[in-house]
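Asks: After the C-alpha cells below, expect a handful of questions from me.
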Amino acid sequence: MQLLEAKLQKIDRHNYRSYSSLRGEYHFVDFDFFIDITQADPFAPASRVRARRKWSLTDLEWLKDQSEDYQRAARDFIARQFAELAQQVNEIQIDRPGQTILDRTAVVFDDDALELRFRVDLPSDGRTIIAKKTANLLTFTMPKIIRRATIARELPMDELKRHCETVEDQVALRKQLAGKNLMAFVADESILPRLAGNSDLPMADAIPFVSPENLAVELEAPHKGKVRGMGIPKGITMIVGGGFHGKSTLLNAIESSVYDHVPGDGREYIVADETASKIRAEDGRCVHNVDLTPYISNLPMGKDTSMFATQNASGSTSQASWLQESIEAGANALLIDEDTSASNFMIRDERMQALITKNDEPITPLVDRISLLRDQLNLSVLLVMGGSGDYLDVADTVIQMHNYQAIDVTAKAKEVVASHPTRRQLEGTEVITRPRTRKLNRAALKTLLEDGKFRIQVKSKTSMRFGREFVDLQALEQVADSSQLHAIGWLWFQLAQGKGWEKTPSKAFNMMLANGDWFRAMPNYGDIAKPRVIEVMAVLNRMRKAEFK
C-alpha cells in the first residue's frame, strides 16, 4: 500500500496516461492487490484490477469442501455482496449478476485464496491525475469493500447458505428429468410472469403456478425435500390457449430454466433439459453450408439445399437452418413459439395445398416432420401454438393456459382430432436423419485479426464484436448475460490457435468447457461467464465470415 501511495505521489498532476506506471502487484496488510490493465484516458473502459485474500483471513475456507455447484453459487453471492457495497462508489464496478446464477470469473476460488476481479475508474481532473483522490479510493474506500465482501462475520451467512442450497436443489431437479422421461419441470407456486418487458424480476401479485393433476409429478431436492409440479414429458408437447393467457410466458420461463435462478426469482424450482434450444425465424441472417433438404428442396434455378449458404436468409430458411444447427450442436429439445416463427415453415393448410401443388412448393412444413424428429431422432419439441390445429394430430401432450394456469387438455384434443379429421396431405419423406457435422475453418477466425490482435467487445446481450466483425445476436433469447459473449469470444480465440479444419467444433467447445477451471486459459478478467455449447455454436453460426464445410 505504501508503494502504491508513493507511486501516486510521483505522478500527481501528470497526464492521465501516467497511470500506466501503476501496473503491477501491491501487498496490503490482509490482501494482495493487482493492477493488470490501466485505462488510457478517463473515457476508456475502466482499469482491470484484482484482489486476492488468503482463506485464513476470511473464515470462509469451509467453502472449498463444498460441491462445485455450491461453490459456484457462493462465488455468485460474494460478487453480489461486493456489487451492493460498491453501488455508492461510482468508480468501482464488478460484473453484477442478474436473476441467473452462472459460473462467473468475477470471484474465483483456488487452493490459497479468494480472488475478486473488478474494474476501477481512476479519478482525474479532465486528463490530469489527482493523486490524493486516487489514493483515497485505492487505499481506503476499496479495501473496506474488499474486506466486508470477503469475511464471514460481515456476510449474511444464512442468505449465503440459502443461495447455495437453492442452486444445489435446481441442479438435482434437472438431473432427475431424464430418469422421469421429462424435458422440463415447473414447480407449484412458481411465479412465471416478469415485471416488465425490460425487467427479469418477478411480477408483483402474479398468480402462482399450479400443476394440473394429470401432469403432476414429485421430484426430490436435497435441501427443500419433495417438490411437486408439472412434468412436461419428452416427445411433442403443445401449449395452447387464448391470447394473453400465458402461453408464451410459460415457454419463456422454461427456456430460461436451462440455467439456475436466485432465491425469490419465482423460477428457482423450474428446470429444463440443459440442451434445450429455442429457435425462431430470423430474416437476413447468414447460413453456412447447412443441409436443409428435410425442409427445403426443389428451389428455383436448381439451387442445392444440401449445402445451403446465404448471407440473407428468409424467415423459413433461417428457422430451418437454426433447427439443423441446434441438433448439430447437441440439442435434445427444441422450443418454438408460433409468434416468432415463419408461418410457411410451420404449416401449409389444406386450401394452400390445393392452390399450390407440392411440385411448386419447395418448403416441407415442420408439421410434417415433427413426428419424425421425435421418433427417429429422439428429439423433444415444446411448441406454443394458438392458430393451427393440425399439430394436434402429432402432439403427445396438450397443455391449455387459461388465466396463467395450466390445464391438461390432451384427452379433449384427441376427441377434437377424431371429430374434426384434417384433410391436408402429408408432405415429405417418411425418413429423417441427423444433419451432418460441419467442419470449421479455424484459420478463417484468424483473418479477423485487427492490427495483429484479437479484439472482443461486448456492450449488451444483443451483439458482439470479434476482430473486425460485428455479430447481430438479437434473436438469441437464451443468452442469459453479456459476459457469456466475452467467454464465447475467448473460446473462439483458443480454437483459432490450431491449424486447418476443426472436424467437430461443438465437441471441441464441450471439451474446453468441461472442467471446473475452464476459464484458466483466458485472461484474468472478471466479466467472463460460462456459456452453453448451444450458444457458442449459435453465435458462431451468425458470424458472416465464418467458414464451414
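Every chain in the C-alpha cells takes a letter, A first, then B, and so on in the order presented; its residues are numbered from 1, and the ligands are numbered from 1 following the presented order.
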Step one, run DSSP on the backbone; step two, keep only residues of range 335-536 of chain A assigned to helix (DSSP H, G or I); then write them as JSON, numbers by chain.
Replies: {"A": [338, 339, 340, 343, 344, 345, 346, 350, 351, 352, 353, 354, 355, 358, 359, 360, 366, 367, 368, 370, 371, 372, 373, 374, 375, 376, 377, 389, 390, 391, 392, 393, 410, 411, 412, 413, 414, 415, 416, 417, 418, 419, 442, 443, 444, 445, 446, 482, 483, 484, 485, 486, 487, 488, 489, 490, 491, 492, 493, 494, 495, 505, 506, 507, 508, 509, 510, 511, 512, 513, 514, 518, 519, 520, 521, 533, 534, 535, 536]}
Asks: Using only C-alpha atoms, determine which residues lie at most 9 Å from Thr249 in chain A, disregarding the query and same-chain residues fewer than 3 positions distant; provide the list as a list in words.
Replies: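 Non-adjacent residues within range: Leu192, Pro193, Arg194, His245, Gly246, Asn252, Ala253, Ile254 and Tyr404 of chain A.
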Asks: Please, could you write that set of residues out with all heavy atoms as a JSON list (two decimals), in the first residue's frame?
Replies:
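Heads up, here's the output in part-v3.json:
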```json
[["chain", "number", "residue", "atom", "x", "y", "z"],
["A", 192, "LEU", "N", -44.33, -17.18, -12.89],
["A", 192, "LEU", "CA", -43.86, -17.17, -14.27],
["A", 192, "LEU", "C", -43.71, -15.77, -14.86],
["A", 192, "LEU", "O", -42.71, -15.49, -15.51],
["A", 192, "LEU", "CB", -44.80, -18.00, -15.16],
["A", 192, "LEU", "CG", -45.13, -19.43, -14.69],
["A", 192, "LEU", "CD1", -45.94, -20.14, -15.77],
["A", 192, "LEU", "CD2", -43.88, -20.22, -14.38],
["A", 193, "PRO", "N", -44.69, -14.86, -14.69],
["A", 193, "PRO", "CA", -44.59, -13.55, -15.38],
["A", 193, "PRO", "C", -43.45, -12.71, -14.82],
["A", 193, "PRO", "O", -43.12, -12.77, -13.63],
["A", 193, "PRO", "CB", -45.95, -12.89, -15.11],
["A", 193, "PRO", "CG", -46.85, -13.99, -14.65],
["A", 193, "PRO", "CD", -45.97, -14.98, -13.97],
["A", 194, "ARG", "N", -42.87, -11.89, -15.70],
["A", 194, "ARG", "CA", -41.82, -10.96, -15.30],
["A", 194, "ARG", "C", -42.40, -9.57, -15.11],
["A", 194, "ARG", "O", -43.50, -9.25, -15.61],
["A", 194, "ARG", "CB", -40.72, -10.92, -16.34],
["A", 194, "ARG", "CG", -40.01, -12.26, -16.54],
["A", 194, "ARG", "CD", -39.26, -12.71, -15.30],
["A", 194, "ARG", "NE", -40.03, -13.59, -14.42],
["A", 194, "ARG", "CZ", -39.64, -13.96, -13.20],
["A", 194, "ARG", "NH1", -38.50, -13.53, -12.70],
["A", 194, "ARG", "NH2", -40.40, -14.75, -12.48],
["A", 245, "HIS", "N", -53.22, -15.33, -22.20],
["A", 245, "HIS", "CA", -53.49, -16.24, -21.09],
["A", 245, "HIS", "C", -52.23, -16.90, -20.54],
["A", 245, "HIS", "O", -52.32, -17.68, -19.60],
["A", 245, "HIS", "CB", -54.51, -17.31, -21.52],
["A", 245, "HIS", "CG", -55.93, -16.82, -21.48],
["A", 245, "HIS", "ND1", -56.75, -16.97, -20.38],
["A", 245, "HIS", "CD2", -56.66, -16.16, -22.41],
["A", 245, "HIS", "CE1", -57.93, -16.44, -20.63],
["A", 245, "HIS", "NE2", -57.92, -15.94, -21.86],
["A", 246, "GLY", "N", -51.05, -16.61, -21.14],
["A", 246, "GLY", "CA", -49.82, -17.08, -20.53],
["A", 246, "GLY", "C", -49.07, -18.16, -21.28],
["A", 246, "GLY", "O", -48.18, -18.79, -20.71],
["A", 252, "ASN", "N", -41.32, -18.98, -21.99],
["A", 252, "ASN", "CA", -40.18, -18.14, -21.61],
["A", 252, "ASN", "C", -39.57, -18.58, -20.28],
["A", 252, "ASN", "O", -38.35, -18.55, -20.10],
["A", 252, "ASN", "CB", -40.60, -16.67, -21.52],
["A", 252, "ASN", "CG", -40.98, -16.10, -22.88],
["A", 252, "ASN", "OD1", -40.61, -16.63, -23.92],
["A", 252, "ASN", "ND2", -41.73, -15.01, -22.88],
["A", 253, "ALA", "N", -40.44, -18.98, -19.34],
["A", 253, "ALA", "CA", -39.93, -19.45, -18.05],
["A", 253, "ALA", "C", -39.12, -20.73, -18.22],
["A", 253, "ALA", "O", -38.07, -20.91, -17.58],
["A", 253, "ALA", "CB", -41.10, -19.68, -17.08],
["A", 254, "ILE", "N", -39.59, -21.59, -19.10],
["A", 254, "ILE", "CA", -38.89, -22.86, -19.33],
["A", 254, "ILE", "C", -37.58, -22.63, -20.07],
["A", 254, "ILE", "O", -36.54, -23.22, -19.73],
["A", 254, "ILE", "CB", -39.80, -23.84, -20.09],
["A", 254, "ILE", "CG1", -40.95, -24.28, -19.16],
["A", 254, "ILE", "CG2", -39.03, -25.05, -20.60],
["A", 254, "ILE", "CD1", -42.06, -25.02, -19.86],
["A", 404, "TYR", "N", -53.33, -17.85, -16.83],
["A", 404, "TYR", "CA", -51.99, -18.18, -16.32],
["A", 404, "TYR", "C", -51.96, -19.49, -15.54],
["A", 404, "TYR", "O", -51.01, -19.75, -14.80],
["A", 404, "TYR", "CB", -51.42, -17.04, -15.48],
["A", 404, "TYR", "CG", -50.98, -15.88, -16.32],
["A", 404, "TYR", "CD1", -51.82, -14.81, -16.59],
["A", 404, "TYR", "CD2", -49.71, -15.86, -16.88],
["A", 404, "TYR", "CE1", -51.42, -13.76, -17.40],
["A", 404, "TYR", "CE2", -49.29, -14.82, -17.70],
["A", 404, "TYR", "CZ", -50.15, -13.76, -17.94],
["A", 404, "TYR", "OH", -49.75, -12.73, -18.75]]
```
Asks: I need the residue nearest Asp396 in chain A from this list: A:Ala411, A:Leu426, A:Ile236, A:Leu292. Use only C-alpha atoms for the distance.
Replies: A:Ile236
Asks: Do you have, as a tab-separated table, the list of residues of range 116-187 of chain A lying at most 12 Å from range 27-33 of chain A, each with its nearest atom pair and that distance in Å to one decimal, counting only C-alpha atoms and ordered by chain then number?
Replies:
```
residue	atom	partner	partner_atom	distance
A:Leu116	CA	A:Phe33	CA	9.6
A:Arg117	CA	A:Phe33	CA	10.1
A:Phe118	CA	A:Phe33	CA	11.2
A:Leu138	CA	A:Phe33	CA	9.6
A:Thr139	CA	A:Phe28	CA	8.7
A:Phe140	CA	A:Phe28	CA	11.1
A:Met142	CA	A:Phe33	CA	10.4
A:Pro143	CA	A:Phe31	CA	8.7
A:Lys144	CA	A:Asp30	CA	11.2
A:Ile146	CA	A:Phe31	CA	8.8
A:Arg147	CA	A:Asp30	CA	8.5
A:Thr150	CA	A:Phe31	CA	10.4
A:Ile151	CA	A:Asp30	CA	11.2
```
Asks: Go ahead and save the picked residues with N, CA and C atoms, as a short mmCIF file (atom, residue, chain, number, x, y, z; two decimals), in the first residue's frame.
Replies:
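Produced file again-v1.cif, reproduced below:
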```cif
data_model
loop_
_atom_site.label_atom_id
_atom_site.label_comp_id
_atom_site.auth_asym_id
_atom_site.auth_seq_id
_atom_site.Cartn_x
_atom_site.Cartn_y
_atom_site.Cartn_z
N LEU A 116 -11.05 -11.55 -6.07
CA LEU A 116 -12.06 -10.67 -6.65
C LEU A 116 -11.47 -10.02 -7.90
N ARG A 117 -12.25 -10.00 -8.98
CA ARG A 117 -11.81 -9.36 -10.22
C ARG A 117 -12.83 -8.29 -10.57
N PHE A 118 -12.39 -7.06 -10.64
CA PHE A 118 -13.34 -5.97 -10.86
C PHE A 118 -12.65 -4.83 -11.61
N LEU A 138 -8.13 3.96 -3.59
CA LEU A 138 -7.46 2.66 -3.65
C LEU A 138 -6.93 2.18 -2.31
N THR A 139 -6.68 3.08 -1.36
CA THR A 139 -6.10 2.64 -0.09
C THR A 139 -7.05 2.79 1.10
N PHE A 140 -8.25 3.36 0.87
CA PHE A 140 -9.20 3.49 1.97
C PHE A 140 -10.57 2.92 1.58
N MET A 142 -11.71 1.33 -1.32
CA MET A 142 -11.69 0.00 -1.92
C MET A 142 -11.36 -1.10 -0.91
N PRO A 143 -10.34 -0.96 -0.06
CA PRO A 143 -10.06 -2.02 0.92
C PRO A 143 -11.25 -2.32 1.85
N LYS A 144 -12.01 -1.29 2.22
CA LYS A 144 -13.17 -1.53 3.08
C LYS A 144 -14.18 -2.44 2.39
N ILE A 146 -13.57 -4.58 -0.10
CA ILE A 146 -12.98 -5.90 -0.26
C ILE A 146 -13.11 -6.70 1.03
N ARG A 147 -12.79 -6.06 2.16
CA ARG A 147 -12.83 -6.78 3.44
C ARG A 147 -14.25 -7.19 3.82
N THR A 150 -15.55 -10.22 1.85
CA THR A 150 -14.78 -11.47 1.87
C THR A 150 -14.49 -11.97 3.27
N ILE A 151 -15.29 -11.59 4.24
CA ILE A 151 -15.08 -12.11 5.58
C ILE A 151 -16.43 -12.55 6.15
#
```
Asks: Would you list the contacts of Met401 in chain A as a ChimeraX atom specification, taking every protein, DNA or RNA residue within 10 Å and counting only C-alpha atoms, but skipping same-chain residues closer than 6 positions in sequence?
Replies: /A:239-250,407-409
Asks: Identify which of the residues A:Gly98, A:Gly264, A:Gly126, A:Gly284 lies closest to Ser318 in chain A, counting only C-alpha atoms when measuring atom-to-atom distances.
Replies: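 Nearest to Ser318 in chain A: A:Gly284.
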Asks: Between A:Ala546, A:Ala331, A:Leu476, A:Ala313, single out the one closest to Asp283 in chain A, counting only C-alpha atoms.
Replies: A:Ala313
Asks: Quick one: of A:Asp41, A:Glu255, A:Asp188, A:Asp393, who's nearest to Thr275 in chain A, counting only C-alpha atoms?
Replies: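 Ranking A:Asp41, A:Glu255, A:Asp188, A:Asp393 by distance to Thr275 in chain A, first place goes to A:Glu255.
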Asks: How far is it from CA of Val384 in chain A to CA of Val398 in chain A, in Å with one decimal?
Replies: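 CA of Val384 in chain A sits 10.0 Å away from CA of Val398 in chain A.
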Asks: Could you give me, as an NGL selection string, the residues within 12 Å of His420 in chain A, counting only C-alpha atoms and dropping anything in the same chain fewer than 3 positions from it?
Replies: :A and (389-390 or 392-393 or 412-417 or 423-424)
